[in-house]
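Participant: File follows, start20.tsv with TSV, C-alpha atoms:
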```
chain	number	residue	atom	x	y	z
A	1	MET	CA	-18.70	98.89	-70.33
A	2	SER	CA	-21.64	99.87	-68.18
A	3	THR	CA	-22.60	98.39	-64.85
A	4	THR	CA	-25.41	96.56	-66.59
A	5	ASP	CA	-23.02	95.05	-69.11
A	6	ARG	CA	-20.58	93.88	-66.43
A	7	THR	CA	-23.35	92.28	-64.44
A	8	THR	CA	-24.83	90.63	-67.50
A	9	GLY	CA	-21.51	89.29	-68.68
A	10	ALA	CA	-20.40	87.92	-65.33
A	11	GLN	CA	-23.58	86.39	-63.98
A	12	PRO	CA	-24.82	83.81	-66.54
A	13	PRO	CA	-21.86	81.36	-66.31
A	14	LYS	CA	-22.00	81.46	-62.53
A	15	ALA	CA	-25.74	81.04	-62.50
A	16	ARG	CA	-25.59	78.07	-64.87
A	17	GLY	CA	-22.87	76.46	-62.74
A	18	ASP	CA	-24.85	77.05	-59.57
A	19	ARG	CA	-27.95	75.47	-61.06
A	20	ARG	CA	-26.05	72.27	-61.77
A	21	SER	CA	-23.90	72.00	-58.63
A	22	PRO	CA	-26.65	72.07	-55.96
A	23	ARG	CA	-28.59	69.43	-57.85
A	24	THR	CA	-25.53	67.23	-58.04
A	25	ALA	CA	-24.62	67.76	-54.37
A	26	THR	CA	-28.14	67.21	-53.10
A	27	THR	CA	-29.42	64.33	-55.17
A	28	ALA	CA	-26.40	62.32	-56.27
A	29	PRO	CA	-25.43	60.80	-52.88
A	30	GLY	CA	-28.98	60.35	-51.64
A	31	PRO	CA	-30.74	57.85	-53.94
A	32	PRO	CA	-28.07	55.10	-53.87
A	33	ALA	CA	-28.22	54.95	-50.04
A	34	ARG	CA	-32.02	54.80	-50.03
A	35	GLN	CA	-32.06	52.15	-52.74
A	36	ASP	CA	-29.57	49.99	-50.84
A	37	SER	CA	-31.64	50.17	-47.62
A	38	THR	CA	-35.09	49.66	-49.06
A	39	ALA	CA	-34.70	47.39	-52.06
A	40	PRO	CA	-34.77	43.78	-50.81
A	41	PRO	CA	-33.67	40.80	-52.82
A	42	LEU	CA	-36.36	39.36	-55.03
A	43	ARG	CA	-36.25	36.05	-53.21
A	44	PRO	CA	-35.12	35.07	-49.70
A	45	PRO	CA	-31.95	32.99	-49.36
A	46	ALA	CA	-32.17	29.22	-49.40
A	47	ALA	CA	-31.51	29.07	-45.66
A	48	VAL	CA	-34.90	30.72	-45.03
A	49	GLY	CA	-36.65	27.94	-46.91
A	50	TRP	CA	-34.76	25.26	-45.01
A	51	ALA	CA	-35.44	26.97	-41.68
A	52	TYR	CA	-39.13	27.14	-42.60
A	53	LEU	CA	-39.13	23.42	-43.40
A	54	MET	CA	-37.37	22.51	-40.14
A	55	VAL	CA	-39.84	24.56	-38.09
A	56	ILE	CA	-42.79	22.86	-39.79
A	57	VAL	CA	-41.32	19.39	-39.23
A	58	ALA	CA	-40.64	20.14	-35.54
A	59	THR	CA	-44.15	21.55	-35.11
A	60	LEU	CA	-45.77	18.51	-36.67
A	61	ALA	CA	-43.75	16.18	-34.42
A	62	ALA	CA	-44.74	18.19	-31.34
A	63	ILE	CA	-48.40	18.16	-32.37
A	64	ALA	CA	-48.26	14.39	-32.90
A	65	SER	CA	-46.79	14.03	-29.41
A	66	ASN	CA	-49.61	16.10	-27.91
A	67	VAL	CA	-52.25	14.14	-29.80
A	68	PHE	CA	-50.72	10.90	-28.52
A	69	GLU	CA	-50.92	12.22	-24.95
A	70	ILE	CA	-54.55	13.24	-25.39
A	71	ARG	CA	-55.40	9.82	-26.77
A	72	HIS	CA	-53.66	8.21	-23.79
A	73	GLN	CA	-55.76	10.32	-21.41
A	74	VAL	CA	-58.96	9.26	-23.16
A	75	GLU	CA	-57.99	5.59	-23.18
A	76	THR	CA	-57.07	5.55	-19.49
A	77	GLY	CA	-60.24	7.37	-18.46
A	78	VAL	CA	-58.49	10.42	-17.01
A	79	ALA	CA	-59.64	12.81	-19.72
A	80	GLY	CA	-61.34	15.90	-18.42
A	81	ALA	CA	-61.01	19.65	-18.44
A	82	ALA	CA	-57.25	19.40	-18.78
A	83	THR	CA	-57.67	17.34	-21.94
A	84	THR	CA	-59.83	20.07	-23.43
A	85	GLY	CA	-57.14	22.61	-22.58
A	86	ASP	CA	-54.48	20.43	-24.20
A	87	LEU	CA	-56.53	20.15	-27.36
A	88	ALA	CA	-57.07	23.92	-27.49
A	89	LEU	CA	-53.35	24.53	-26.98
A	90	THR	CA	-52.48	22.04	-29.72
A	91	ILE	CA	-54.75	23.79	-32.21
A	92	ALA	CA	-53.42	27.21	-31.17
A	93	PHE	CA	-49.80	26.13	-31.51
A	94	CYS	CA	-50.46	24.62	-34.94
A	95	ALA	CA	-52.01	27.86	-36.21
A	96	LEU	CA	-49.47	30.16	-34.56
A	97	PHE	CA	-46.36	28.33	-35.66
A	98	GLY	CA	-47.67	28.17	-39.22
A	99	PHE	CA	-48.37	31.90	-39.14
A	100	PHE	CA	-44.97	32.75	-37.65
A	101	ALA	CA	-43.22	30.58	-40.23
A	102	GLU	CA	-45.02	32.42	-43.03
A	103	MET	CA	-43.99	35.75	-41.49
A	104	LEU	CA	-40.40	34.52	-41.51
A	105	ARG	CA	-40.60	33.81	-45.23
A	106	ALA	CA	-42.12	37.27	-45.76
A	107	GLY	CA	-39.12	38.86	-44.06
A	108	ARG	CA	-40.93	40.00	-40.92
A	109	GLN	CA	-38.45	40.50	-38.11
A	110	TRP	CA	-41.07	40.02	-35.39
A	111	GLY	CA	-42.05	36.72	-37.02
A	112	ARG	CA	-38.48	35.47	-36.68
A	113	VAL	CA	-38.36	36.73	-33.08
A	114	LEU	CA	-41.55	34.89	-32.14
A	115	LEU	CA	-40.38	31.71	-33.86
A	116	THR	CA	-37.12	31.93	-31.93
A	117	ILE	CA	-38.89	32.47	-28.61
A	118	PHE	CA	-41.39	29.66	-28.90
A	119	THR	CA	-38.96	27.23	-30.48
A	120	SER	CA	-36.58	27.88	-27.57
A	121	LEU	CA	-39.40	27.45	-25.05
A	122	GLY	CA	-40.36	24.22	-26.78
A	123	LEU	CA	-36.80	22.98	-26.46
A	124	VAL	CA	-36.75	23.83	-22.75
A	125	PHE	CA	-40.10	22.21	-21.98
A	126	THR	CA	-39.37	19.13	-24.07
A	127	GLY	CA	-36.02	18.73	-22.35
A	128	LEU	CA	-37.67	19.02	-18.94
A	129	GLY	CA	-40.24	16.43	-19.95
A	130	LEU	CA	-37.61	14.02	-21.21
A	131	ALA	CA	-35.66	14.45	-17.97
A	132	GLN	CA	-38.85	14.08	-15.88
A	133	LEU	CA	-38.05	17.43	-14.23
A	134	GLY	CA	-41.12	19.46	-15.09
A	135	GLY	CA	-44.36	19.64	-16.95
A	136	ARG	CA	-46.33	16.59	-17.92
A	137	PRO	CA	-44.26	13.41	-18.08
A	138	LEU	CA	-43.88	11.76	-21.47
A	139	VAL	CA	-46.00	8.64	-21.84
A	140	GLY	CA	-44.17	5.66	-23.30
A	141	PRO	CA	-41.35	5.35	-25.84
A	142	LEU	CA	-43.46	6.58	-28.77
A	143	GLN	CA	-44.09	9.99	-27.26
A	144	ALA	CA	-40.45	10.22	-26.18
A	145	SER	CA	-39.37	9.42	-29.75
A	146	LEU	CA	-41.67	12.13	-31.09
A	147	ALA	CA	-40.21	14.59	-28.58
A	148	VAL	CA	-36.69	13.82	-29.76
A	149	ALA	CA	-37.89	14.07	-33.37
A	150	SER	CA	-39.07	17.60	-32.64
A	151	LEU	CA	-35.86	18.59	-30.85
A	152	ILE	CA	-33.46	17.92	-33.73
A	153	PRO	CA	-35.20	19.98	-36.47
A	154	SER	CA	-35.91	22.71	-33.93
A	155	VAL	CA	-32.19	23.17	-33.26
A	156	ILE	CA	-31.40	23.07	-36.99
A	157	GLY	CA	-34.15	25.62	-37.72
A	158	LEU	CA	-32.90	27.97	-35.00
A	159	VAL	CA	-29.38	27.89	-36.42
A	160	LEU	CA	-30.55	28.46	-39.99
A	161	MET	CA	-32.68	31.45	-39.00
A	162	TYR	CA	-29.51	33.32	-37.97
A	163	VAL	CA	-26.91	32.39	-40.59
A	164	PRO	CA	-25.23	35.43	-42.23
A	165	SER	CA	-27.23	35.25	-45.47
A	166	VAL	CA	-30.52	35.35	-43.55
A	167	ASN	CA	-29.29	38.20	-41.34
A	168	ARG	CA	-28.34	40.26	-44.40
A	169	TRP	CA	-31.69	39.59	-46.04
A	170	MET	CA	-33.63	40.46	-42.88
A	171	ALA	CA	-31.63	43.66	-42.50
A	172	ALA	CA	-32.47	44.61	-46.09
A	173	VAL	CA	-36.22	44.12	-45.74
A	174	ARG	CA	-36.75	45.13	-42.11
A	175	ASP	CA	-37.18	48.85	-42.87
A	176	ARG	CA	-40.28	48.12	-44.91
A	177	SER	CA	-41.70	45.09	-43.12
A	178	ARG	CA	-40.79	45.25	-39.44
A	179	THR	CA	-43.72	47.40	-38.30
A	180	ILE	CA	-47.41	46.58	-38.19
A	181	SER	CA	-50.21	48.92	-39.16
A	182	PRO	CA	-51.60	51.32	-36.53
A	183	ARG	CA	-55.00	49.62	-36.62
A	184	LEU	CA	-53.49	46.19	-36.04
A	185	ARG	CA	-51.24	47.61	-33.31
A	186	LYS	CA	-54.24	48.97	-31.40
A	187	ALA	CA	-56.07	45.66	-31.73
A	188	VAL	CA	-53.08	43.62	-30.53
A	189	LEU	CA	-52.40	46.10	-27.73
A	190	THR	CA	-56.01	45.77	-26.54
A	191	VAL	CA	-55.67	41.98	-26.53
A	192	HIS	CA	-52.35	42.21	-24.70
A	193	VAL	CA	-53.72	44.45	-21.96
A	194	ALA	CA	-56.84	42.31	-21.48
A	195	ILE	CA	-54.89	39.04	-21.33
A	196	SER	CA	-52.26	40.52	-19.00
A	197	VAL	CA	-54.97	41.70	-16.61
A	198	GLY	CA	-56.46	38.20	-16.68
A	199	TRP	CA	-53.06	36.67	-16.03
A	200	LEU	CA	-52.53	38.97	-13.05
A	201	GLY	CA	-55.96	38.09	-11.68
A	202	LEU	CA	-55.33	34.36	-12.07
A	203	VAL	CA	-52.00	34.51	-10.24
A	204	THR	CA	-53.53	36.67	-7.49
A	205	GLY	CA	-56.34	34.16	-7.00
A	206	MET	CA	-53.93	31.23	-6.94
A	207	PHE	CA	-51.77	32.98	-4.38
A	208	ALA	CA	-54.80	33.53	-2.14
A	209	MET	CA	-55.87	29.89	-2.51
A	210	SER	CA	-52.37	28.58	-1.81
A	211	VAL	CA	-52.17	30.64	1.40
A	212	THR	CA	-55.61	29.39	2.43
A	213	GLY	CA	-54.58	25.80	1.78
A	214	ALA	CA	-51.35	26.23	3.72
A	215	THR	CA	-52.98	27.80	6.79
A	216	THR	CA	-56.35	26.05	7.11
A	217	HIS	CA	-57.05	23.12	9.44
A	218	ASP	CA	-60.09	22.03	7.43
A	219	ALA	CA	-59.28	19.08	5.18
A	220	GLU	CA	-62.24	19.69	2.85
A	221	LEU	CA	-61.40	23.36	2.40
A	222	GLN	CA	-57.77	22.50	1.73
A	223	ALA	CA	-58.71	19.89	-0.87
A	224	ALA	CA	-61.10	22.35	-2.55
A	225	MET	CA	-58.40	25.01	-2.75
A	226	TYR	CA	-55.83	22.69	-4.32
A	227	ARG	CA	-58.30	21.17	-6.79
A	228	THR	CA	-59.40	24.63	-7.89
A	229	MET	CA	-55.78	25.64	-8.36
A	230	SER	CA	-55.22	22.54	-10.46
A	231	LEU	CA	-58.22	23.40	-12.63
A	232	LEU	CA	-57.05	26.97	-13.21
A	233	ASP	CA	-53.51	25.81	-13.89
A	234	GLU	CA	-54.46	23.19	-16.45
A	235	ILE	CA	-57.04	25.19	-18.38
A	236	PHE	CA	-56.31	28.90	-18.13
A	237	LEU	CA	-52.86	29.70	-16.76
A	238	GLY	CA	-50.79	28.22	-19.57
A	239	MET	CA	-52.84	29.73	-22.37
A	240	THR	CA	-53.06	33.12	-20.65
A	241	SER	CA	-49.31	33.41	-20.17
A	242	MET	CA	-48.59	32.16	-23.69
A	243	PHE	CA	-50.90	34.65	-25.42
A	244	ALA	CA	-49.72	37.48	-23.17
A	245	LEU	CA	-46.18	36.76	-24.37
A	246	ILE	CA	-47.23	36.50	-28.04
A	247	SER	CA	-49.22	39.72	-28.05
A	248	GLY	CA	-46.50	41.54	-26.11
A	249	VAL	CA	-43.80	40.50	-28.57
A	250	VAL	CA	-45.95	41.56	-31.55
A	251	VAL	CA	-46.67	44.97	-29.98
A	252	SER	CA	-42.98	45.55	-29.20
A	253	ALA	CA	-41.12	43.96	-32.12
A	254	GLY	CA	-43.71	45.16	-34.64
A	255	THR	CA	-43.64	48.83	-33.57
A	256	LYS	CA	-41.13	51.61	-32.93
A	257	TRP	CA	-40.46	50.35	-29.40
A	258	GLY	CA	-38.59	47.25	-30.53
A	259	LEU	CA	-38.14	44.11	-28.46
A	260	LEU	CA	-34.62	44.83	-27.20
A	261	ARG	CA	-34.18	48.52	-28.00
A	262	ARG	CA	-35.49	49.85	-24.68
A	263	ARG	CA	-34.61	48.50	-21.29
A	264	TRP	CA	-38.14	48.48	-19.93
A	265	VAL	CA	-39.42	46.42	-22.89
A	266	ALA	CA	-36.53	43.95	-22.65
A	267	THR	CA	-37.08	43.66	-18.88
A	268	LYS	CA	-40.75	42.83	-19.40
A	269	PHE	CA	-39.88	40.28	-22.05
A	270	PHE	CA	-37.38	38.35	-19.93
A	271	LEU	CA	-39.56	38.56	-16.82
A	272	THR	CA	-42.53	37.20	-18.78
A	273	MET	CA	-40.50	34.24	-19.94
A	274	GLY	CA	-39.19	33.73	-16.42
A	275	VAL	CA	-42.68	33.69	-14.91
A	276	MET	CA	-43.82	31.24	-17.59
A	277	ILE	CA	-40.96	28.87	-16.85
A	278	LEU	CA	-41.53	29.25	-13.10
A	279	GLY	CA	-45.19	28.34	-13.52
A	280	PHE	CA	-44.49	25.37	-15.76
A	281	SER	CA	-41.52	23.83	-13.99
A	282	VAL	CA	-42.23	24.72	-10.33
A	283	ILE	CA	-45.79	25.83	-9.55
A	284	HIS	CA	-47.39	23.19	-11.78
A	285	GLN	CA	-45.34	20.45	-10.14
A	286	LEU	CA	-46.23	21.65	-6.64
A	287	ILE	CA	-49.94	21.70	-7.50
A	288	LEU	CA	-49.72	18.13	-8.81
A	289	GLU	CA	-47.89	17.01	-5.67
A	290	ALA	CA	-50.38	18.75	-3.37
A	291	ASN	CA	-53.35	17.08	-5.05
A	292	THR	CA	-51.62	13.71	-4.93
A	293	LEU	CA	-51.05	14.08	-1.19
A	294	VAL	CA	-54.67	15.13	-0.65
A	295	ASP	CA	-55.91	12.10	-2.59
A	296	GLU	CA	-53.66	9.84	-0.48
A	297	GLY	CA	-55.19	11.23	2.71
A	298	ALA	CA	-52.11	13.03	4.01
A	299	PRO	CA	-52.65	14.99	7.25
A	300	VAL	CA	-53.65	18.61	6.83
A	301	ARG	CA	-51.04	19.91	9.26
A	302	GLY	CA	-47.73	18.57	10.41
A	303	GLY	CA	-46.88	16.58	7.28
A	304	ARG	CA	-45.59	17.03	3.76
A	305	LEU	CA	-48.60	19.16	2.84
A	306	ASP	CA	-47.24	21.94	5.03
A	307	GLY	CA	-44.04	22.21	3.03
A	308	VAL	CA	-45.78	21.87	-0.33
A	309	GLY	CA	-48.41	24.45	0.62
A	310	TRP	CA	-45.91	27.06	1.75
A	311	ALA	CA	-43.71	26.41	-1.29
A	312	MET	CA	-46.74	27.05	-3.53
A	313	SER	CA	-47.49	30.25	-1.62
A	314	GLY	CA	-43.93	31.49	-1.98
A	315	THR	CA	-43.64	30.79	-5.71
A	316	ALA	CA	-47.11	32.24	-6.37
A	317	LEU	CA	-46.12	35.38	-4.47
A	318	LEU	CA	-42.92	35.65	-6.50
A	319	ALA	CA	-44.91	35.39	-9.76
A	320	LEU	CA	-47.43	37.94	-8.48
A	321	LEU	CA	-44.72	40.46	-7.56
A	322	ALA	CA	-43.11	40.01	-10.97
A	323	LEU	CA	-46.41	40.72	-12.74
A	324	VAL	CA	-47.09	43.79	-10.60
A	325	PHE	CA	-43.57	45.03	-11.29
A	326	MET	CA	-44.11	44.58	-15.04
A	327	THR	CA	-47.34	46.56	-14.79
A	328	ALA	CA	-45.49	49.43	-13.11
A	329	VAL	CA	-42.70	49.28	-15.70
A	330	SER	CA	-45.27	49.52	-18.51
A	331	THR	CA	-46.70	52.64	-16.88
A	332	TYR	CA	-43.46	54.55	-16.18
A	333	LYS	CA	-41.30	53.24	-19.06
A	334	PRO	CA	-37.95	53.88	-17.30
A	335	TRP	CA	-34.22	53.36	-17.99
A	336	GLY	CA	-33.78	54.58	-21.55
A	337	THR	CA	-32.42	52.60	-24.49
A	338	THR	CA	-30.13	49.59	-24.78
A	339	ARG	CA	-26.98	49.19	-26.86
A	340	TRP	CA	-29.06	47.55	-29.62
A	341	ASN	CA	-30.66	50.94	-30.26
A	342	ARG	CA	-27.39	52.53	-31.35
A	343	ALA	CA	-27.51	51.35	-34.98
A	344	PRO	CA	-30.86	53.00	-35.74
A	345	ALA	CA	-29.65	56.14	-33.94
A	346	THR	CA	-26.51	56.25	-36.13
A	347	ASN	CA	-28.56	55.90	-39.29
A	348	THR	CA	-30.84	58.69	-38.14
A	349	ALA	CA	-27.87	60.95	-37.41
A	350	ALA	CA	-26.44	60.27	-40.86
A	351	ASN	CA	-29.75	61.08	-42.52
A	352	THR	CA	-30.04	64.27	-40.46
A	353	ALA	CA	-26.54	65.35	-41.50
A	354	ALA	CA	-27.34	64.68	-45.15
A	355	ASN	CA	-30.53	66.71	-44.94
A	356	THR	CA	-28.69	69.56	-43.20
A	357	ALA	CA	-26.01	69.60	-45.93
A	358	ALA	CA	-28.71	69.72	-48.59
A	359	ARG	CA	-30.38	72.66	-46.89
A	360	THR	CA	-27.13	74.61	-46.50
A	361	ALA	CA	-25.84	73.92	-50.03
A	362	PRO	CA	-25.51	77.04	-52.25
A	363	ARG	CA	-28.59	77.76	-54.29
A	364	PRO	CA	-28.68	79.01	-57.90
A	365	ALA	CA	-28.28	82.75	-58.16
A	366	ARG	CA	-31.45	84.55	-59.17
A	367	PRO	CA	-31.15	86.91	-62.15
A	368	SER	CA	-30.88	90.54	-61.18
A	369	VAL	CA	-33.37	93.15	-62.25
A	370	SER	CA	-30.83	94.64	-64.59
A	371	GLU	CA	-30.53	91.31	-66.45
A	372	GLY	CA	-34.18	91.37	-67.24
A	373	GLN	CA	-33.90	94.95	-68.49
A	374	SER	CA	-30.81	94.41	-70.65
```
Can the structure from this file be put into structure tokens for me?
Facilitator:
Amino acid sequence: MSTTDRTTGAQPPKARGDRRSPRTATTAPGPPARQDSTAPPLRPPAAVGWAYLMVIVATLAAIASNVFEIRHQVETGVAGAATTGDLALTIAFCALFGFFAEMLRAGRQWGRVLLTIFTSLGLVFTGLGLAQLGGRPLVGPLQASLAVASLIPSVIGLVLMYVPSVNRWMAAVRDRSRTISPRLRKAVLTVHVAISVGWLGLVTGMFAMSVTGATTHDAELQAAMYRTMSLLDEIFLGMTSMFALISGVVVSAGTKWGLLRRRWVATKFFLTMGVMILGFSVIHQLILEANTLVDEGAPVRGGRLDGVGWAMSGTALLALLALVFMTAVSTYKPWGTTRWNRAPATNTAANTAANTAARTAPRPARPSVSEGQS
């Protein structure tokens, strides 16, 4: 037998086997894993629908409570700029909670995150109002009843949003639906930067006015400073901080950065919530107390206004330093990733190993020149 005959007789079975084996090794394990990770259930679990319903009920009860407070302000003749701000916030909350609830039903992870954040903040603020510890006091038993009516479905909705069936469903659909489009990301990022700059400017101005009010000996100047602070607090400060938080969560949870994947993003998130709570439960109360003392004719120096003025200055400085620190953190992006970033990293490593195995798998043997000549 010639060399050509030996080559021709030995090669075809090996070549046919090689053509089948790489295809089996490369493609057989891959598609099932991709199908399991990207194919969501046709319908969300029942707990999602119940959580959606609870959030809507709690939102409607909270809106009714706000409307009752606005009507009380109009009836008692104290309606003014603050009433306009309350009405704007009520409309904004109605639209935003409805939108976030729809995003929850669509399987958007950032929608569930935002619902969780604002439902939790609502629970905190409503609890402070019921306990007369912060914010605007609840007016009468009807508004208190509406506040309680919003607390109960809020707690139920929060629990239902994180039951195992919902977690499994969210994990199945998050790969396709957790990120927002690049165009929307740029738009939301622009809004976030603009609002954050405005928030920083507002807090800086309020710090300057609080120091002026605490150090001046002019009663008229002091009253003007505290009334201006009250105006900014009631109209702009709450909405600015709220929309800065919303836009920041959308930009982080809806993009590759993630809300809790990187330490600098998580730090900004918790600091933002902390500054919001500080403004609502401490600074707002001090501004109300300062204006009450001014209206009662309290002495400019040597009385309770001294303590209130310096307390406002200290808390405003604390908020200002926190905002400046968050600005620096956004610029330098330090500290690396958190432990919640390990799962995506593991999946990426597994995919990389699979791709490497596919590249190094034996390829079909090409026919020799002698085969073509035989």
Participant: Between A:Met161, A:Leu221, A:Val251, A:Leu146, which one has atoms that come closest to Leu189 (chain A), using only C-alpha atoms?
Facilitator: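 For Leu189 (chain A), the nearest of the candidates is A:Val251.
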Participant: Select, from A:Val300, A:Val67, A:Val191, A:Val57, the residue with the minimum atom-to-atom distance to Thr212 (chain A), counting all atoms listed in the file.
Facilitator: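 That would be A:Val300, the residue with the smallest distance to Thr212 (chain A).
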Participant: In Å, with one decimal, what is the gap from CA of Ile287 (chain A) to CA of Ile70 (chain A)?
Facilitator: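 Answer for the CA of Ile287 (chain A) to CA of Ile70 (chain A) separation: 20.3 Å.
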Participant: For Gly205 (chain A), find every residue with an atom within 12 Å (counting all atoms listed in the file), except residues of its own chain fewer than 4 positions away, and show them as a PyMOL selection string.
Facilitator: chain A and resi 198-201+209-212+225-226+228-229+232-233+237+313+316-317+319-320
Participant: Quick one, how far is CA of Ala253 (chain A) from CA of Thr331 (chain A)?
Facilitator: 18.4 Å
